[in-house]
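Coordinates from data36.cif are shown below (mmCIF, C-alpha atoms).
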data_upload
loop_
_atom_site.group_PDB
_atom_site.id
_atom_site.type_symbol
_atom_site.label_atom_id
_atom_site.label_comp_id
_atom_site.auth_asym_id
_atom_site.auth_seq_id
_atom_site.Cartn_x
_atom_site.Cartn_y
_atom_site.Cartn_z
ATOM 1 C CA MET A 22 -5.890 -11.760 40.816
ATOM 2 C CA GLY A 23 -4.495 -14.865 39.148
ATOM 3 C CA LYS A 24 -5.742 -16.122 35.817
ATOM 4 C CA HIS A 25 -8.310 -18.929 35.933
ATOM 5 C CA ASN A 26 -9.380 -21.647 33.562
ATOM 6 C CA PHE A 27 -13.097 -21.045 33.128
ATOM 7 C CA ASN A 28 -13.968 -24.592 32.079
ATOM 8 C CA ASP A 29 -15.351 -25.186 35.557
ATOM 9 C CA LEU A 30 -17.713 -22.213 35.214
ATOM 10 C CA LEU A 31 -18.912 -23.489 31.846
ATOM 11 C CA ALA A 32 -19.508 -26.955 33.305
ATOM 12 C CA PHE A 33 -21.487 -25.430 36.179
ATOM 13 C CA VAL A 34 -23.647 -23.361 33.788
ATOM 14 C CA VAL A 35 -24.502 -26.407 31.680
ATOM 15 C CA VAL A 36 -25.326 -28.562 34.703
ATOM 16 C CA ALA A 37 -27.471 -25.810 36.191
ATOM 17 C CA ARG A 38 -29.407 -25.329 32.959
ATOM 18 C CA VAL A 39 -30.078 -28.981 32.149
ATOM 19 C CA GLY A 40 -30.525 -30.003 35.816
ATOM 20 C CA SER A 41 -28.474 -33.158 35.470
ATOM 21 C CA PHE A 42 -24.815 -34.126 35.615
ATOM 22 C CA THR A 43 -25.441 -36.983 33.204
ATOM 23 C CA ARG A 44 -27.132 -34.847 30.512
ATOM 24 C CA ALA A 45 -24.526 -32.106 30.989
ATOM 25 C CA ALA A 46 -21.730 -34.652 30.494
ATOM 26 C CA VAL A 47 -23.305 -35.807 27.219
ATOM 27 C CA GLN A 48 -23.691 -32.206 26.025
ATOM 28 C CA LEU A 49 -20.064 -31.355 26.826
ATOM 29 C CA GLY A 50 -18.669 -34.661 25.566
ATOM 30 C CA VAL A 51 -17.122 -35.791 28.861
ATOM 31 C CA THR A 52 -17.890 -38.435 31.452
ATOM 32 C CA GLN A 53 -20.340 -37.886 34.312
ATOM 33 C CA PRO A 54 -17.697 -38.409 37.041
ATOM 34 C CA ALA A 55 -15.404 -35.913 35.288
ATOM 35 C CA ILE A 56 -17.972 -33.126 35.182
ATOM 36 C CA SER A 57 -19.007 -33.849 38.776
ATOM 37 C CA GLN A 58 -15.370 -33.522 39.852
ATOM 38 C CA VAL A 59 -14.971 -30.213 37.937
ATOM 39 C CA VAL A 60 -18.038 -28.655 39.564
ATOM 40 C CA SER A 61 -16.935 -29.885 43.015
ATOM 41 C CA GLY A 62 -13.569 -28.264 42.395
ATOM 42 C CA LEU A 63 -15.300 -24.953 41.550
ATOM 43 C CA GLU A 64 -17.279 -25.126 44.795
ATOM 44 C CA ALA A 65 -14.064 -25.814 46.711
ATOM 45 C CA ARG A 66 -12.352 -22.860 45.047
ATOM 46 C CA LEU A 67 -15.239 -20.515 45.858
ATOM 47 C CA LYS A 68 -15.826 -22.118 49.262
ATOM 48 C CA LEU A 69 -19.558 -22.119 48.472
ATOM 49 C CA ARG A 70 -22.078 -24.852 47.674
ATOM 50 C CA LEU A 71 -23.616 -24.064 44.314
ATOM 51 C CA LEU A 72 -25.728 -27.174 43.697
ATOM 52 C CA THR A 73 -27.863 -29.378 45.864
ATOM 53 C CA ARG A 74 -27.560 -32.966 44.699
ATOM 54 C CA THR A 75 -29.932 -35.849 45.299
ATOM 55 C CA THR A 76 -30.137 -39.259 43.661
ATOM 56 C CA ARG A 77 -32.922 -37.947 41.396
ATOM 57 C CA SER A 78 -32.254 -34.245 40.799
ATOM 58 C CA VAL A 79 -29.886 -31.324 40.912
ATOM 59 C CA SER A 80 -31.017 -27.888 42.081
ATOM 60 C CA LEU A 81 -29.374 -24.523 42.595
ATOM 61 C CA THR A 82 -28.541 -23.045 45.945
ATOM 62 C CA ALA A 83 -28.936 -19.293 46.444
ATOM 63 C CA ALA A 84 -25.248 -18.847 45.650
ATOM 64 C CA GLY A 85 -25.656 -21.045 42.562
ATOM 65 C CA GLU A 86 -28.621 -18.978 41.321
ATOM 66 C CA ARG A 87 -26.626 -15.782 41.747
ATOM 67 C CA LEU A 88 -23.619 -17.208 39.899
ATOM 68 C CA LEU A 89 -25.760 -18.553 37.042
ATOM 69 C CA GLU A 90 -27.450 -15.176 36.651
ATOM 70 C CA ALA A 91 -24.070 -13.428 36.670
ATOM 71 C CA VAL A 92 -22.122 -15.592 34.204
ATOM 72 C CA GLY A 93 -24.644 -17.635 32.227
ATOM 73 C CA HIS A 94 -25.508 -14.927 29.692
ATOM 74 C CA ARG A 95 -21.834 -14.103 29.254
ATOM 75 C CA PHE A 96 -21.124 -17.590 27.969
ATOM 76 C CA ASP A 97 -24.064 -17.116 25.593
ATOM 77 C CA GLU A 98 -22.475 -13.891 24.332
ATOM 78 C CA ILE A 99 -19.106 -15.592 23.863
ATOM 79 C CA GLU A 100 -20.719 -18.429 21.930
ATOM 80 C CA ALA A 101 -22.549 -15.920 19.709
ATOM 81 C CA GLU A 102 -19.324 -14.019 18.989
ATOM 82 C CA VAL A 103 -17.445 -17.216 18.153
ATOM 83 C CA GLU A 104 -20.260 -18.158 15.793
ATOM 84 C CA ALA A 105 -20.012 -14.725 14.174
ATOM 85 C CA LEU A 106 -16.282 -15.266 13.624
ATOM 86 C CA THR A 107 -17.055 -18.592 11.979
ATOM 87 C CA GLU A 108 -19.382 -16.762 9.603
ATOM 88 C CA LEU A 109 -16.505 -14.431 8.686
ATOM 89 C CA ARG A 110 -14.479 -17.488 7.768
ATOM 90 C CA ASP A 111 -17.253 -19.081 5.734
ATOM 91 C CA LYS A 112 -18.772 -15.905 4.286
ATOM 92 C CA PRO A 113 -16.626 -13.393 2.375
ATOM 93 C CA ALA A 114 -16.693 -10.358 4.645
ATOM 94 C CA GLY A 115 -14.407 -8.008 6.498
ATOM 95 C CA THR A 116 -11.758 -5.390 5.699
ATOM 96 C CA VAL A 117 -8.594 -6.083 3.697
ATOM 97 C CA ARG A 118 -5.864 -3.432 4.199
ATOM 98 C CA ILE A 119 -3.252 -2.969 1.464
ATOM 99 C CA THR A 120 -0.339 -0.529 1.365
ATOM 100 C CA CYS A 121 0.839 0.488 -2.113
ATOM 101 C CA GLY A 122 1.628 3.354 -4.482
ATOM 102 C CA ASP A 123 -0.791 5.563 -6.406
ATOM 103 C CA ASN A 124 -0.365 4.255 -9.916
ATOM 104 C CA VAL A 125 -0.838 0.562 -9.165
ATOM 105 C CA ILE A 126 -4.238 1.316 -7.630
ATOM 106 C CA LYS A 127 -5.388 2.929 -10.869
ATOM 107 C CA THR A 128 -3.831 0.473 -13.312
ATOM 108 C CA THR A 129 -4.150 -2.842 -11.489
ATOM 109 C CA LEU A 130 -5.869 -3.011 -8.119
ATOM 110 C CA LEU A 131 -9.152 -1.200 -8.761
ATOM 111 C CA PRO A 132 -9.782 -2.645 -12.241
ATOM 112 C CA LYS A 133 -9.282 -6.173 -10.942
ATOM 113 C CA LEU A 134 -11.034 -5.738 -7.600
ATOM 114 C CA MET A 135 -14.140 -3.778 -8.640
ATOM 115 C CA PRO A 136 -15.978 -6.916 -9.853
ATOM 116 C CA LEU A 137 -15.119 -8.620 -6.558
ATOM 117 C CA LEU A 138 -16.551 -5.716 -4.524
ATOM 118 C CA GLN A 139 -19.721 -5.718 -6.586
ATOM 119 C CA ARG A 140 -20.179 -9.454 -6.075
ATOM 120 C CA TYR A 141 -19.376 -9.428 -2.336
ATOM 121 C CA PRO A 142 -20.765 -6.257 -0.728
ATOM 122 C CA ASP A 143 -19.536 -7.280 2.749
ATOM 123 C CA ILE A 144 -15.879 -7.109 1.680
ATOM 124 C CA LYS A 145 -14.188 -3.757 2.338
ATOM 125 C CA LEU A 146 -10.843 -2.563 0.991
ATOM 126 C CA GLU A 147 -8.611 0.026 2.649
ATOM 127 C CA PHE A 148 -5.666 1.380 0.630
ATOM 128 C CA ASP A 149 -2.703 3.093 2.271
ATOM 129 C CA ILE A 150 -0.889 5.120 -0.392
ATOM 130 C CA ASN A 151 2.714 5.026 0.697
ATOM 131 C CA TYR A 152 6.010 4.832 -1.174
ATOM 132 C CA GLY A 153 8.036 3.702 1.827
ATOM 133 C CA PHE A 154 8.810 0.133 2.776
ATOM 134 C CA ARG A 155 6.115 -0.355 5.380
ATOM 135 C CA ASP A 156 6.364 -3.168 7.920
ATOM 136 C CA ILE A 157 3.018 -4.713 7.069
ATOM 137 C CA VAL A 158 3.048 -6.976 10.130
ATOM 138 C CA ALA A 159 3.808 -4.221 12.647
ATOM 139 C CA ASP A 160 1.462 -1.770 10.908
ATOM 140 C CA ARG A 161 -1.320 -4.376 10.708
ATOM 141 C CA PHE A 162 -1.710 -4.460 6.943
ATOM 142 C CA ASP A 163 -2.952 -7.597 5.264
ATOM 143 C CA ALA A 164 -0.681 -7.093 2.259
ATOM 144 C CA GLY A 165 1.486 -4.675 0.329
ATOM 145 C CA VAL A 166 2.408 -4.123 -3.314
ATOM 146 C CA ARG A 167 6.024 -3.798 -4.500
ATOM 147 C CA PHE A 168 8.280 -4.769 -7.345
ATOM 148 C CA SER A 169 9.355 -8.371 -6.836
ATOM 149 C CA ASP A 170 13.040 -7.670 -6.199
ATOM 150 C CA THR A 171 12.223 -5.532 -3.150
ATOM 151 C CA VAL A 172 10.043 -8.120 -1.389
ATOM 152 C CA ALA A 173 11.573 -9.692 1.734
ATOM 153 C CA GLN A 174 12.396 -13.386 1.450
ATOM 154 C CA ASP A 175 10.099 -14.356 4.324
ATOM 155 C CA MET A 176 7.051 -13.056 2.459
ATOM 156 C CA ILE A 177 4.783 -14.757 -0.040
ATOM 157 C CA ALA A 178 4.897 -12.745 -3.279
ATOM 158 C CA VAL A 179 2.129 -13.169 -5.851
ATOM 159 C CA PRO A 180 2.546 -11.620 -9.331
ATOM 160 C CA ILE A 181 -0.380 -9.312 -10.086
ATOM 161 C CA GLY A 182 0.692 -7.649 -13.312
ATOM 162 C CA PRO A 183 2.823 -7.967 -16.456
ATOM 163 C CA PRO A 184 6.497 -7.008 -16.769
ATOM 164 C CA ILE A 185 7.140 -3.273 -16.529
ATOM 165 C CA ARG A 186 9.350 -0.932 -18.502
ATOM 166 C CA MET A 187 10.575 2.400 -17.245
ATOM 167 C CA ALA A 188 10.515 5.465 -19.481
ATOM 168 C CA VAL A 189 12.696 8.579 -19.637
ATOM 169 C CA VAL A 190 10.639 11.470 -20.996
ATOM 170 C CA ALA A 191 10.460 15.218 -21.364
ATOM 171 C CA ALA A 192 8.368 17.771 -23.226
ATOM 172 C CA PRO A 193 9.278 18.589 -26.857
ATOM 173 C CA GLY A 194 9.865 22.163 -25.730
ATOM 174 C CA TYR A 195 12.468 21.010 -23.209
ATOM 175 C CA PHE A 196 14.404 19.101 -25.863
ATOM 176 C CA ALA A 197 14.145 22.081 -28.200
ATOM 177 C CA LYS A 198 16.343 23.966 -25.724
ATOM 178 C CA ASN A 199 18.461 21.054 -24.455
ATOM 179 C CA PRO A 200 20.126 18.233 -26.414
ATOM 180 C CA ALA A 201 18.466 14.864 -25.833
ATOM 181 C CA PRO A 202 20.616 12.488 -23.741
ATOM 182 C CA GLU A 203 22.207 9.659 -25.711
ATOM 183 C CA HIS A 204 23.492 7.770 -22.649
ATOM 184 C CA PRO A 205 22.158 7.612 -19.059
ATOM 185 C CA ARG A 206 25.281 9.416 -17.847
ATOM 186 C CA ASP A 207 24.214 12.443 -19.924
ATOM 187 C CA LEU A 208 21.307 12.938 -17.489
ATOM 188 C CA ALA A 209 23.716 14.501 -15.003
ATOM 189 C CA ALA A 210 23.787 17.591 -17.218
ATOM 190 C CA HIS A 211 19.985 17.898 -17.337
ATOM 191 C CA ARG A 212 17.256 19.184 -15.048
ATOM 192 C CA CYS A 213 15.492 16.047 -13.801
ATOM 193 C CA ILE A 214 12.249 15.667 -11.883
ATOM 194 C CA ASP A 215 12.915 13.314 -9.012
ATOM 195 C CA ILE A 216 11.068 11.441 -6.275
ATOM 196 C CA ARG A 217 12.098 11.027 -2.636
ATOM 197 C CA PHE A 218 10.868 7.786 -1.110
ATOM 198 C CA PRO A 219 10.095 7.965 2.646
ATOM 199 C CA THR A 220 12.294 4.932 3.271
ATOM 200 C CA TYR A 221 15.440 6.759 2.202
ATOM 201 C CA ASP A 222 17.103 9.869 3.598
ATOM 202 C CA GLY A 223 17.740 11.212 0.090
ATOM 203 C CA VAL A 224 16.552 10.681 -3.448
ATOM 204 C CA ASP A 225 17.462 7.345 -4.981
ATOM 205 C CA ALA A 226 19.510 6.855 -8.127
ATOM 206 C CA TRP A 227 17.849 6.126 -11.467
ATOM 207 C CA GLU A 228 18.560 2.545 -12.540
ATOM 208 C CA PHE A 229 19.096 1.417 -16.137
ATOM 209 C CA GLU A 230 19.919 -1.849 -17.876
ATOM 210 C CA ARG A 231 20.933 -2.770 -21.419
ATOM 211 C CA GLN A 232 22.004 -6.238 -22.554
ATOM 212 C CA GLY A 233 22.703 -7.293 -18.979
ATOM 213 C CA LYS A 234 24.726 -4.179 -18.140
ATOM 214 C CA LYS A 235 23.272 -2.282 -15.200
ATOM 215 C CA LEU A 236 23.914 1.362 -14.447
ATOM 216 C CA LYS A 237 22.841 3.775 -11.706
ATOM 217 C CA VAL A 238 22.795 7.506 -12.294
ATOM 218 C CA ARG A 239 22.219 10.231 -9.723
ATOM 219 C CA VAL A 240 20.362 13.219 -11.124
ATOM 220 C CA ASP A 241 19.479 16.710 -9.992
ATOM 221 C CA GLY A 242 16.859 19.309 -10.798
ATOM 222 C CA GLN A 243 14.432 21.906 -9.506
ATOM 223 C CA LEU A 244 11.628 19.534 -8.490
ATOM 224 C CA VAL A 245 11.418 16.617 -6.054
ATOM 225 C CA PHE A 246 8.129 14.927 -5.120
ATOM 226 C CA ASN A 247 7.281 12.273 -2.546
ATOM 227 C CA SER A 248 4.794 10.552 -4.876
ATOM 228 C CA THR A 249 4.418 10.032 -8.608
ATOM 229 C CA THR A 250 1.114 11.891 -8.891
ATOM 230 C CA HIS A 251 2.388 15.192 -10.301
ATOM 231 C CA ILE A 252 5.589 14.131 -12.036
ATOM 232 C CA ALA A 253 4.035 13.634 -15.472
ATOM 233 C CA ASP A 254 2.325 17.032 -15.314
ATOM 234 C CA ALA A 255 5.605 18.699 -14.376
ATOM 235 C CA ALA A 256 7.331 17.029 -17.320
ATOM 236 C CA VAL A 257 4.558 18.133 -19.697
ATOM 237 C CA GLY A 258 5.099 21.653 -18.372
ATOM 238 C CA GLY A 259 8.702 21.558 -19.582
ATOM 239 C CA LEU A 260 10.281 21.537 -16.127
ATOM 240 C CA GLY A 261 12.688 18.689 -16.809
ATOM 241 C CA ILE A 262 13.206 15.023 -17.588
ATOM 242 C CA ALA A 263 11.089 12.451 -15.725
ATOM 243 C CA TYR A 264 11.594 8.737 -15.089
ATOM 244 C CA LEU A 265 8.686 6.463 -14.194
ATOM 245 C CA PRO A 266 6.983 3.261 -15.424
ATOM 246 C CA GLU A 267 5.930 3.902 -19.004
ATOM 247 C CA ASP A 268 2.212 3.507 -18.373
ATOM 248 C CA GLU A 269 2.284 6.654 -16.209
ATOM 249 C CA PHE A 270 3.226 8.643 -19.321
ATOM 250 C CA ALA A 271 1.184 6.699 -21.908
ATOM 251 C CA PRO A 272 -1.534 9.326 -22.678
ATOM 252 C CA HIS A 273 1.018 12.124 -22.945
ATOM 253 C CA LEU A 274 3.313 10.070 -25.203
ATOM 254 C CA ALA A 275 0.413 9.061 -27.438
ATOM 255 C CA GLU A 276 -0.643 12.684 -27.925
ATOM 256 C CA GLY A 277 2.857 14.062 -28.337
ATOM 257 C CA ARG A 278 3.009 16.078 -25.119
ATOM 258 C CA LEU A 279 6.036 14.057 -24.045
ATOM 259 C CA VAL A 280 8.945 12.554 -25.979
ATOM 260 C CA ARG A 281 10.751 9.389 -24.953
ATOM 261 C CA VAL A 282 14.556 8.975 -24.894
ATOM 262 C CA LEU A 283 17.064 6.291 -23.826
ATOM 263 C CA GLU A 284 14.515 3.636 -24.684
ATOM 264 C CA ASP A 285 17.210 1.012 -25.349
ATOM 265 C CA TRP A 286 18.346 1.401 -21.707
ATOM 266 C CA CYS A 287 14.873 0.627 -20.333
ATOM 267 C CA GLU A 288 14.525 -3.137 -20.485
ATOM 268 C CA PRO A 289 11.407 -4.794 -19.043
ATOM 269 C CA PHE A 290 11.605 -6.279 -15.555
ATOM 270 C CA SER A 291 9.356 -8.264 -13.254
ATOM 271 C CA GLY A 292 6.344 -6.152 -12.356
ATOM 272 C CA PHE A 293 4.184 -5.604 -9.311
ATOM 273 C CA HIS A 294 3.687 -8.331 -6.729
ATOM 274 C CA LEU A 295 1.236 -8.550 -3.864
ATOM 275 C CA TYR A 296 3.145 -9.689 -0.786
ATOM 276 C CA TYR A 297 2.003 -10.871 2.633
ATOM 277 C CA PRO A 298 3.366 -12.883 5.591
ATOM 278 C CA SER A 299 3.751 -16.592 5.052
ATOM 279 C CA ARG A 300 2.637 -17.319 8.605
ATOM 280 C CA ARG A 301 -0.969 -16.181 8.543
ATOM 281 C CA GLN A 302 -4.396 -17.781 8.367
ATOM 282 C CA PRO A 303 -6.113 -15.849 5.578
ATOM 283 C CA SER A 304 -9.764 -14.903 5.780
ATOM 284 C CA GLN A 305 -11.985 -15.886 2.893
ATOM 285 C CA ALA A 306 -12.181 -12.216 1.919
ATOM 286 C CA PHE A 307 -8.383 -11.965 1.697
ATOM 287 C CA SER A 308 -8.126 -15.198 -0.291
ATOM 288 C CA LEU A 309 -10.642 -13.848 -2.801
ATOM 289 C CA VAL A 310 -8.640 -10.616 -3.129
ATOM 290 C CA VAL A 311 -5.447 -12.593 -3.827
ATOM 291 C CA ASP A 312 -7.184 -14.788 -6.392
ATOM 292 C CA ALA A 313 -8.700 -11.759 -8.133
ATOM 293 C CA LEU A 314 -5.298 -10.057 -8.451
ATOM 294 C CA ARG A 315 -3.143 -13.065 -9.313
ATOM 295 C CA VAL A 316 -1.739 -13.496 -12.811
ATOM 296 C CA GLU A 317 0.062 -16.517 -14.202
ATOM 297 C CA ARG A 318 3.722 -16.599 -13.326
ATOM 298 C CA LEU A 319 5.665 -14.660 -15.928
ATOM 299 C CA PRO A 320 9.153 -15.507 -17.279
ATOM 300 C CA LEU A 321 10.657 -12.338 -15.814
ATOM 301 C CA ALA A 322 9.226 -12.928 -12.319
ATOM 302 C CA ASP A 323 12.474 -14.198 -10.839
ATOM 303 C CA ASN A 324 12.064 -13.076 -7.228
ATOM 304 C CA LYS A 325 13.439 -15.788 -4.957
ATOM 305 C CA GLY A 326 10.739 -15.061 -2.370
ATOM 306 C CA ASP A 327 8.100 -15.713 -4.997
ATOM 307 C CA GLN A 328 7.022 -19.143 -3.780
ATOM 308 C CA GLU A 329 3.674 -19.639 -2.129
ATOM 309 C CA GLU A 330 3.419 -21.832 0.900
#
Before we go any further, please render this structure as structure tokens.
Amino acid sequence: MGKHNFNDLLAFVVVARVGSFTRAAVQLGVTQPAISQVVSGLEARLKLRLLTRTTRSVSLTAAGERLLEAVGHRFDEIEAEVEALTELRDKPAGTVRITCGDNVIKTTLLPKLMPLLQRYPDIKLEFDINYGFRDIVADRFDAGVRFSDTVAQDMIAVPIGPPIRMAVVAAPGYFAKNPAPEHPRDLAAHRCIDIRFPTYDGVDAWEFERQGKKLKVRVDGQLVFNSTTHIADAAVGGLGIAYLPEDEFAPHLAEGRLVRVLEDWCEPFSGFHLYYPSRRQPSQAFSLVVDALRVERLPLADNKGDQEE
């Protein structure tokens, strides 16, 4: 069956309900001859007379009554659903799906978004904890969180946190048995606790920078995780050297359970950004989420995809 334009059915329903081509034309914002021609075309397509016309009135035939009963309420349902969608636009409601890592939820997303959720109970958040580079369009996410230099150029990237520094740490007991590294290359001789991101086939190199000089070092050890959740605990347990954003180690460093090394090779860099497609019509709920997370542009936020459209 071919696809049909249902404007003629809508015109018929309105005429049937108001009992007049003239009043129906006013309601639909068209001329009376135009709506008469549309309904006549519907009758020709169905090869049935739907309305009996006189100079004073319009009435339904048996076929017209049956058609009105069959489709009239469906147009009412469509109108109600469209109105409900309008409410979603005008009233903050609906689900916002974000893919991100563990730590940023704890340090940034939840602290900033909890007041929003309390104020707007019809907004729902769904977090997908994933360290791979998800295709947020194909996987139907509203947004993702990454470091700015990994965001694709066709995305809008909004800074949501301050610059970040990495930290190289281990337990005091580990360094009591092994000399502390004085240069990133020395890490090759140490047991290191690594992370394997789903996007890559293997573990990625550790990246360092000092005074504009960048260096990548591949490390090895007994432990590899696919998330950051247990890396700090493993380091506290003396199982090797770990490398993560410094806030993941902050409590352990403050209480002396971990010791930091190579600090001069861990320069700050542009932090987390919320990214999303530039070609999208955001819901009010999503716009509120973006506004709640946004921070003022920081000097280190140099991502070239970091311009909002």
Two-atom distance - atom CA of Met176 of chain A, atom CA of Asn124 of chain A (Å):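 Taking atom CA of Met176 of chain A and atom CA of Asn124 of chain A, their separation equals 22.5 Å.
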Quick one: of A:Ile262, A:Cys287, A:Leu309, A:Ala91, who's nearest to Arg186 of chain A, counting all atoms listed in the file?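 Of all the options, A:Cys287 lies closest to Arg186 of chain A.
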Can you turn the PyMOL selection byres ((chain A and resi 205) around 10) into a concrete residue list for this file, as a PyMOL selection string? chain A and resi 189+202-204+206-209+227-230+236-240+282-283+286
Please expand the PyMOL selection byres ((chain A and resi 143-158) around 9) into the concrete residues it hits in this file, giving the result as JSON, numbers by chain. {"A": [112, 113, 114, 115, 116, 117, 118, 119, 120, 121, 122, 123, 126, 137, 138, 141, 142, 159, 160, 161, 162, 163, 164, 165, 167, 171, 217, 218, 219, 220, 221, 247, 248, 297, 298, 306, 307]}
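Nearest residue to Ala192 of chain A, choosing from A:Gln243, A:Lys235, A:Phe270, A:Pro132 and counting only C-alpha atoms: A:Phe270.
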Provide the atom CA of Leu31 of chain A to atom CA of Phe96 of chain A distance in Å, to one decimal place.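 Computing the Euclidean distance for atom CA of Leu31 of chain A and atom CA of Phe96 of chain A yields 7.4 Å.
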What gap, in Å, lies between atom CA of Lys127 of chain A and atom CA of Val311 of chain A?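 Interatomic distance, atom CA of Lys127 of chain A to atom CA of Val311 of chain A: 17.0 Å.
Across A:Val47, A:Ser169, A:Asn199, A:Pro193, the tightest approach to Glu276 of chain A is made by A:Pro193 when counting all atoms listed in the file.
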Just want the 8 Å neighbourhood of segment 62-74 of chain A, counted on only C-alpha atoms, with same-chain residues fewer than 5 positions away dropped. Output as a list in words.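 Skipping anything fewer than 5 positions along the chain leaves Asp29, Leu30, Ala37, Val79, Ser80, Leu81, Thr82, Ala83, Ala84, Gly85 and Glu86 of chain A.
Proximity ranking of A:Lys133, A:Arg38, A:Val59, A:Val245 relative to Glu90 of chain A places A:Arg38 first, based on only C-alpha atoms.
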